[in-house]
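S.K.: Right, I'll just put the structure down here and ask away after.
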Amino acid sequence: MKKIFSVLFSMLLSTVSYSQEKKLDTIKRIKLDEVIVTGNIKIDPIHTIVSNKYDKNVVQPKNVADLFNFINGFSVIKRGNYAIDPSFRASQYEQLNIQYDGGTKAMNACPNRMDPITTHIIPEEIAKIEIIKGPYTVRYGATFGGIINMVTQKPNYLENGFHGKASVGYETNGNSFVNMLQLQYIQNKYDIVGNVGYRSFGNYKDGNDIEIPSSFLSTDYGLKLGYNFSDDERLQIHWRQSFGRDVLHAGLPMDTDYDNSSIISLDYKASNIGETLKNISAKVYYSYVDHLMTNNNRPSFMMTEAASSVNATTMGGKFELNWQPSKKLNIFSGIDALLITRDGGRTRTVKLNMMGMPLANPVVFNDKVWQDSYINDIGIFTEAKWEANATTILTAGIRNDIVVSNINDPEADFAAMYNLKKRTENNISGTVSMKKIISSNLTFEAAYGRGVRSANMIERYINHFNAGSDPYEYIGNPNLKAEVNNQFEVGLKGSNDKRNINFSTSVYYSNFENYIVGIVDPTLTRKFMPTKPPVNPKVFRNLDNAYKTGFEAMTQVNFSNDYFFKGEFAYVYAKNNDLDESLPLTPPFNTKLTVGVKKPTYWANIQFNLTSKQENIAPSFGETKTNGYQTVDLRLGFNPLKNTSVGFAILNAFDAYYHNHLNFSFANQSNFGITPITEPGRNITAFLQYNF
């Protein structure tokens with residue numbers, strides 16, 4: 001096996017493993033660039049983090065976004081049980097560079113984000129989630145607030161032949177059922193992996209025994225083919241489709257009839273090319289999302305029947321060269337692309353007049369949702385890692401993104417607001433960081449990153465459409481300046497072997513330029529139902545004076561190598577000085593306290609979750625103060641038989657009634673007012689997985 005590059009250089013992690021048992025048919029596999037984090041994270045207190053592997057210690061069926069609840073510093077934005085988005089340090093949506101397997105992306109078709117990328121992959125496929133906690137690399141696309149890479153399960157390369165995995169899970173709260181089957185066949189020259197999954201979730205009940213509309217059905221399948229031209233050259237193709245059906249969104253004005261996605265990616269890598277040029281890697285991918293939402297089961301259907309059919313196409317790729325001019329210097333240079341197009345519209349059939357009387361001839365309106373728009377981003381980057389000495393690593397990178405955007409089919413009123421034309425932006429971003437190994441048990445890191453994000457398609461081109469957690473109509477602004485995040489961070493990570501203590505902490509500060517938010521425009525009025533409050537719509541604008549700061553900390557005490565106590569803490573404070581309020585969607589202070597045991601054949605833990613009240617709010621965003629709450633979760637897993645894992649959990653064991661600060665409010669519902677969506681009450685779950 002070729003020597004893996006030093007962990008200090010944070011090279012790409014192998015997507016395969018090698019057996020050294022002589023009794024097995026060993027296979028040598030080149031390392032595809034599906035993983036962005038490598039090595040022992042002990043030396044990376046702030047630059048990178050690798051979450052736990054979710055193929056181990058399986059306990060409960062989860063939504064992919066729910067996995068982020070286990071990672072310190074993360075919260076989730078919830079519109080129901082399906083359309084859940086991760087939020088990291090009060091950054092969300094396109095402020096986070098979310099991808100899977102080292103660069104593949106699928107953009108949502110729905111302007112209300114009923115179908116984020118987290119809905120197009122099932123959680124049982126996720127082996128781990130990697131996070132770069134700020135704009136501290138330039139190699140994986142334009143990055144504003146951080147990178148999230150969801151790494152899918154890789155084939156078991158220990159031996160040739162046929163292998164597989166089957167899993168099944170159940171939740172009592174909602175009578176929910178999930179299952180997945182994965183099969184793989186491996187030979188020296190090629191390998192094939194296929195999987196299929198099915199998920200059926202019912203409406204859950206909150207801590208007051210109130211049923212929350214949140215049911216959905218989802219079917220997924222995928223096929224991954226790999227071919228090894230040699231020990232140092234590999235080609236891999238990955239095809240997957242996901243089908244969502246009958247999805248209820250408690251916090252949105254419409255529901256999803258269907259959401260179909262197709263994603264294909266092709267990866268190539270050649271390694272050990274020469275003394276200076278070490279590796280060449282390439283990736284291309286294509287995704288298409290077809291989405292239909294209606295209000296057929298909502299109160300507004302009596303007056304106006306609405307159906308919105310929208311689609312999104314995402315194409316992209318990356319070509320990268322890895323140079324090593326000397327043993328202490330690694331250079332990565334390349335080009336990448338992200339091409340996004342969206343189209344589709346909404347059909348409204350008005351059946352009643354303003355007095356509530358039936359119309360003899362219902363009136364039909366066709367509204368352009370995306371106005372046939374596109375945003376193309378071509379990026380050129382170089383990043384170098386230099387081992388200054390045996391204990392110090394310096395990283396520096398620079399990136400230029402050329403962003404071209406245009407609108408091909410604008411509504412007349414939108415065209416009247418702006419001088420619409422093709423627009424080209426040049427965004428320069430960069431980073432510099434230092435890691436210092438102070439001792440064998442203590443590492444210090446300091447980093448600065450300048451992350452730049454051009455406005456997304458909603459912020460540019462949405463036209464009188466509800467696109468936030470508040471009831472306002474939103475209007476895009478194609479002339480927005482790109483957001484800039486100047487982020488500084490310092491961190492420590494270490495241990496005390498004598499006392500069996502591990503600890504880590506990082507503190508950060510971000511100064512924002514041209515921060516993008518929706519601002520009420522008193523000179524404009526609603527386009528649809530103009531007498532319904534709020535009468536004035538919001539238009540996306542740039543702010544000049546905004547910032548955020550915060551920290552994460554973790555301490556773990558181990559007892560007798562099997563028992564542990566762990567405390568995790570996360571806090572973020574954000575300020576919009578232009579409006580003298582917080583930035584929207586800022587989570588409160590969170591604490592997790594866990595006591596557990598890990599044995600070779602079983603494990604268990606009790607987790608106490610404490611969430612503080614949030615009084616630092618953004619009233620202009622429709623936010624209200626949120627009370628604090630506490631919940632307790634109990635989890636147990638064991639291996640009753642060889643290759644078999646069983647897990648049980650009692651979530652929210654004391655049936656607490658609460659809602660998270662980032663939850664959307666109920667919208668267009670018969671039995672709920674405009675109040676935040678409440679979380680599930682007590683939920684007993686079971687999970688079984690068998691490998692063969």
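Naming scheme: A, B, ... for chains in displayed order of the structure tokens; residues 1 onward per chain; ligands 1 onward as shown.
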List the neighbours of Asn477 in chain A out to 8 Å using only C-alpha atoms; skip same-chain residues closer than 6 positions along the sequence, and give me the result as a list of chain:residue names.

M.R.: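 Once the adjacent positions are removed, what remains is A:Glu459, A:Arg460, A:Tyr461, A:Val539, A:Phe540, A:Arg541.
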
S.K.: Compile the contact shell of range 512-528 of chain A as an NGL selection string: residues with an atom at most 10 Å away, counting only C-alpha atoms, same-chain residues fewer than 4 positions apart removed.

M.R.: :A and (413 or 450-456 or 459 or 463-465 or 468 or 472-477 or 480-487 or 532-548 or 576 or 579 or 583-584 or 620-621)

S.K.: Please, could you write that set of residues out with C-alpha atoms as a CSV table (one decimal), in the first residue's frame?

M.R.:
```
chain,number,residue,atom,x,y,z
A,413,ASP,CA,-43.8,44.1,-13.3
A,450,ARG,CA,-12.5,35.8,3.4
A,451,GLY,CA,-15.6,34.1,2.1
A,452,VAL,CA,-17.6,35.6,-0.7
A,453,ARG,CA,-21.1,34.6,-1.7
A,454,SER,CA,-23.0,36.0,-4.6
A,455,ALA,CA,-26.8,36.4,-4.2
A,456,ASN,CA,-28.8,33.2,-4.8
A,459,GLU,CA,-32.5,36.9,-3.6
A,463,ASN,CA,-41.2,38.0,-7.7
A,464,HIS,CA,-43.9,38.6,-5.0
A,465,PHE,CA,-43.6,35.1,-3.5
A,468,GLY,CA,-39.3,33.1,4.3
A,472,TYR,CA,-44.4,38.8,3.6
A,473,GLU,CA,-44.2,38.6,-0.1
A,474,TYR,CA,-40.6,38.8,-1.2
A,475,ILE,CA,-39.2,40.6,-4.3
A,476,GLY,CA,-35.7,39.8,-5.6
A,477,ASN,CA,-33.0,42.3,-6.5
A,480,LEU,CA,-27.3,42.9,-5.1
A,481,LYS,CA,-23.6,43.0,-4.2
A,482,ALA,CA,-21.9,39.7,-3.1
A,483,GLU,CA,-21.9,39.0,0.7
A,484,VAL,CA,-18.5,39.0,2.3
A,485,ASN,CA,-17.6,37.1,5.5
A,486,ASN,CA,-14.3,38.2,7.1
A,487,GLN,CA,-13.9,35.4,9.7
A,532,LYS,CA,-54.1,41.0,3.2
A,533,PRO,CA,-51.6,42.2,5.8
A,534,PRO,CA,-48.7,42.8,5.7
A,535,VAL,CA,-49.5,45.0,2.8
A,536,ASN,CA,-46.0,46.1,1.9
A,537,PRO,CA,-43.6,43.4,0.5
A,538,LYS,CA,-40.0,42.9,1.3
A,539,VAL,CA,-37.2,43.6,-1.2
A,540,PHE,CA,-33.7,42.0,-0.8
A,541,ARG,CA,-31.1,44.6,0.1
A,542,ASN,CA,-27.5,44.8,1.3
A,543,LEU,CA,-26.6,45.8,4.8
A,544,ASP,CA,-23.4,47.7,5.6
A,545,ASN,CA,-22.9,46.9,9.3
A,546,ALA,CA,-23.4,43.4,10.6
A,547,TYR,CA,-21.3,40.9,12.5
A,548,LYS,CA,-21.5,37.7,14.6
A,576,ASN,CA,-27.6,43.9,12.5
A,579,LEU,CA,-31.7,47.8,11.9
A,583,LEU,CA,-29.6,38.8,12.4
A,584,PRO,CA,-32.4,36.4,11.7
A,620,SER,CA,-38.3,42.6,11.1
A,621,PHE,CA,-38.0,38.9,10.2
```

S.K.: Have a look at A:Thr594, A:Ser167, A:Gln182, A:Asn660 and name the one nearest to Lys625 in chain A; count only C-alpha atoms.

M.R.: A:Asn660

S.K.: Closest to Glu124 in chain A among A:Gly567, A:Gly169, A:Gly146, A:Gly161, using only C-alpha atoms?

M.R.: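 So, comparing all the options, the nearest one is A:Gly169.
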
S.K.: List as a VMD selection string the protein and nucleic acid residues near Asn97 in chain A, meaning an atom at most 8 Å away when only C-alpha atoms are counted, but skip any in the same chain fewer than 3 places from it.

M.R.: chain A and resid 94 141 to 148

S.K.: With C-alpha atoms retained, could you export that selection as a PDB file, in the first residue's frame?

M.R.:
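Generated output (again01.pdb):
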```
ATOM      1  CA  GLU A  94     -26.478  29.017   0.426  1.00  0.00           C
ATOM      2  CA  GLY A 141     -16.307  25.889  -4.298  1.00  0.00           C
ATOM      3  CA  ALA A 142     -17.243  29.372  -3.116  1.00  0.00           C
ATOM      4  CA  THR A 143     -17.579  29.188   0.673  1.00  0.00           C
ATOM      5  CA  PHE A 144     -19.148  31.824   2.925  1.00  0.00           C
ATOM      6  CA  GLY A 145     -19.953  30.292   6.312  1.00  0.00           C
ATOM      7  CA  GLY A 146     -18.511  26.788   6.041  1.00  0.00           C
ATOM      8  CA  ILE A 147     -18.550  23.504   4.146  1.00  0.00           C
ATOM      9  CA  ILE A 148     -20.680  20.453   4.904  1.00  0.00           C
TER      10      ILE A 148
END
```

S.K.: Using only C-alpha atoms, which of the listed residues (A:Lys278, A:Arg499, A:Arg245, A:Lys189) sits closest to Leu292 in chain A?

M.R.: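 Looking only at the distances to Leu292 in chain A, the closest residue turns out to be A:Arg245.
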
S.K.: Find the spatial neighbours of range 226-235 of chain A, counting only C-alpha atoms, within a cut-off of 8 Å - ignore same-chain residues fewer than 5 positions away - and output them as number ranges by chain.

M.R.: A: 28-30, 32, 188-192, 266-272

S.K.: Those selected residues, please, written with N, CA and C atoms and delivered as a PDB file, in the first residue's frame.

M.R.:
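Final output, again17.pdb:
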```pdb
ATOM      1  N   LYS A  28      -6.239  -3.446  -3.921  1.00  0.00           N
ATOM      2  CA  LYS A  28      -5.668  -2.119  -3.769  1.00  0.00           C
ATOM      3  C   LYS A  28      -6.548  -1.134  -4.512  1.00  0.00           C
ATOM      4  N   ARG A  29      -6.977  -0.074  -3.853  1.00  0.00           N
ATOM      5  CA  ARG A  29      -7.909   0.872  -4.450  1.00  0.00           C
ATOM      6  C   ARG A  29      -7.334   2.273  -4.370  1.00  0.00           C
ATOM      7  N   ILE A  30      -7.403   2.997  -5.460  1.00  0.00           N
ATOM      8  CA  ILE A  30      -6.988   4.392  -5.446  1.00  0.00           C
ATOM      9  C   ILE A  30      -7.985   5.218  -4.658  1.00  0.00           C
ATOM     10  N   LEU A  32     -10.362   8.085  -4.231  1.00  0.00           N
ATOM     11  CA  LEU A  32     -11.132   9.120  -4.905  1.00  0.00           C
ATOM     12  C   LEU A  32     -11.342  10.308  -3.978  1.00  0.00           C
ATOM     13  N   ASN A 188     -11.177  -7.592  -8.280  1.00  0.00           N
ATOM     14  CA  ASN A 188      -9.965  -6.787  -8.307  1.00  0.00           C
ATOM     15  C   ASN A 188     -10.098  -5.577  -9.225  1.00  0.00           C
ATOM     16  N   LYS A 189     -10.705  -5.769 -10.371  1.00  0.00           N
ATOM     17  CA  LYS A 189     -10.772  -4.706 -11.363  1.00  0.00           C
ATOM     18  C   LYS A 189     -11.993  -3.810 -11.217  1.00  0.00           C
ATOM     19  N   TYR A 190     -13.059  -4.309 -10.613  1.00  0.00           N
ATOM     20  CA  TYR A 190     -14.284  -3.520 -10.565  1.00  0.00           C
ATOM     21  C   TYR A 190     -15.074  -3.841  -9.306  1.00  0.00           C
ATOM     22  N   ASP A 191     -16.014  -2.959  -8.980  1.00  0.00           N
ATOM     23  CA  ASP A 191     -16.923  -3.177  -7.858  1.00  0.00           C
ATOM     24  C   ASP A 191     -18.258  -2.524  -8.179  1.00  0.00           C
ATOM     25  N   ILE A 192     -19.326  -3.121  -7.679  1.00  0.00           N
ATOM     26  CA  ILE A 192     -20.689  -2.641  -7.911  1.00  0.00           C
ATOM     27  C   ILE A 192     -21.403  -2.568  -6.566  1.00  0.00           C
ATOM     28  N   LEU A 266     -19.599  11.451 -11.906  1.00  0.00           N
ATOM     29  CA  LEU A 266     -18.491  10.676 -12.456  1.00  0.00           C
ATOM     30  C   LEU A 266     -17.200  11.189 -11.840  1.00  0.00           C
ATOM     31  N   ASP A 267     -16.437  10.281 -11.212  1.00  0.00           N
ATOM     32  CA  ASP A 267     -15.188  10.647 -10.547  1.00  0.00           C
ATOM     33  C   ASP A 267     -14.024   9.885 -11.162  1.00  0.00           C
ATOM     34  N   TYR A 268     -12.900  10.603 -11.316  1.00  0.00           N
ATOM     35  CA  TYR A 268     -11.679   9.985 -11.855  1.00  0.00           C
ATOM     36  C   TYR A 268     -10.492  10.490 -11.060  1.00  0.00           C
ATOM     37  N   LYS A 269      -9.541   9.593 -10.806  1.00  0.00           N
ATOM     38  CA  LYS A 269      -8.307  10.015 -10.160  1.00  0.00           C
ATOM     39  C   LYS A 269      -7.149   9.144 -10.595  1.00  0.00           C
ATOM     40  N   ALA A 270      -5.999   9.807 -10.850  1.00  0.00           N
ATOM     41  CA  ALA A 270      -4.736   9.138 -11.130  1.00  0.00           C
ATOM     42  C   ALA A 270      -3.725   9.627 -10.113  1.00  0.00           C
ATOM     43  N   SER A 271      -3.030   8.702  -9.452  1.00  0.00           N
ATOM     44  CA  SER A 271      -2.087   9.051  -8.392  1.00  0.00           C
ATOM     45  C   SER A 271      -0.685   8.588  -8.733  1.00  0.00           C
ATOM     46  N   ASN A 272       0.292   9.129  -7.966  1.00  0.00           N
ATOM     47  CA  ASN A 272       1.700   8.750  -8.102  1.00  0.00           C
ATOM     48  C   ASN A 272       2.196   8.915  -9.539  1.00  0.00           C
TER      49      ASN A 272
END
```

S.K.: Name the residues in contact with Pro86 in chain A at a cut-off of 7 Å, using only C-alpha atoms, excluding same-chain residues fewer than 3 positions from it; report them as a list in words.

M.R.: Ala65, Phe68, Phe74, Ser75, Val76, Ile77 and Gln92 of chain A

S.K.: Which is closer to Met354 in chain A than all the others in A:Ser309, A:Thr341, A:Thr531, A:Asn295, using only C-alpha atoms?

M.R.: A:Thr531

S.K.: Residues near Phe666 in chain A, anyone? I mean within 10 Å using only C-alpha atoms, not counting same-chain ones fewer than 2 positions away, as a VMD selection string.

M.R.: chain A and resid 79 to 80 212 to 213 249 to 253 469 663 to 664 668 to 678

S.K.: Kindly indicate which residue among A:Gln153, A:Asn81, A:Thr304, A:Ser287 lies nearest to Leu217 in chain A, using only C-alpha atoms for the distances.

M.R.: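 Nearest candidate to Leu217 in chain A out of A:Gln153, A:Asn81, A:Thr304, A:Ser287: A:Asn81.
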
S.K.: So which residues touch Asn426 in chain A within 7 Å, counting only C-alpha atoms, skipping near sequence neighbours fewer than 6 positions away, as a list in words?

M.R.: Asn400, Asp401, Ile402 and Val403 of chain A

S.K.: Between A:Ala686, A:Ala390, A:Val597, A:Ile458, which residue has the minimum interatomic distance to Val178 in chain A, considering only C-alpha atoms?

M.R.: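 Looking at the shortest contact to Val178 in chain A, the residue is A:Ala686.
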
S.K.: Could you give me the residues within range 374-464 of chain A that DSSP places in strand (DSSP E), as a ChimeraX atom specification?

M.R.: /A:374-389,392-407,423-439,442-453,463-464
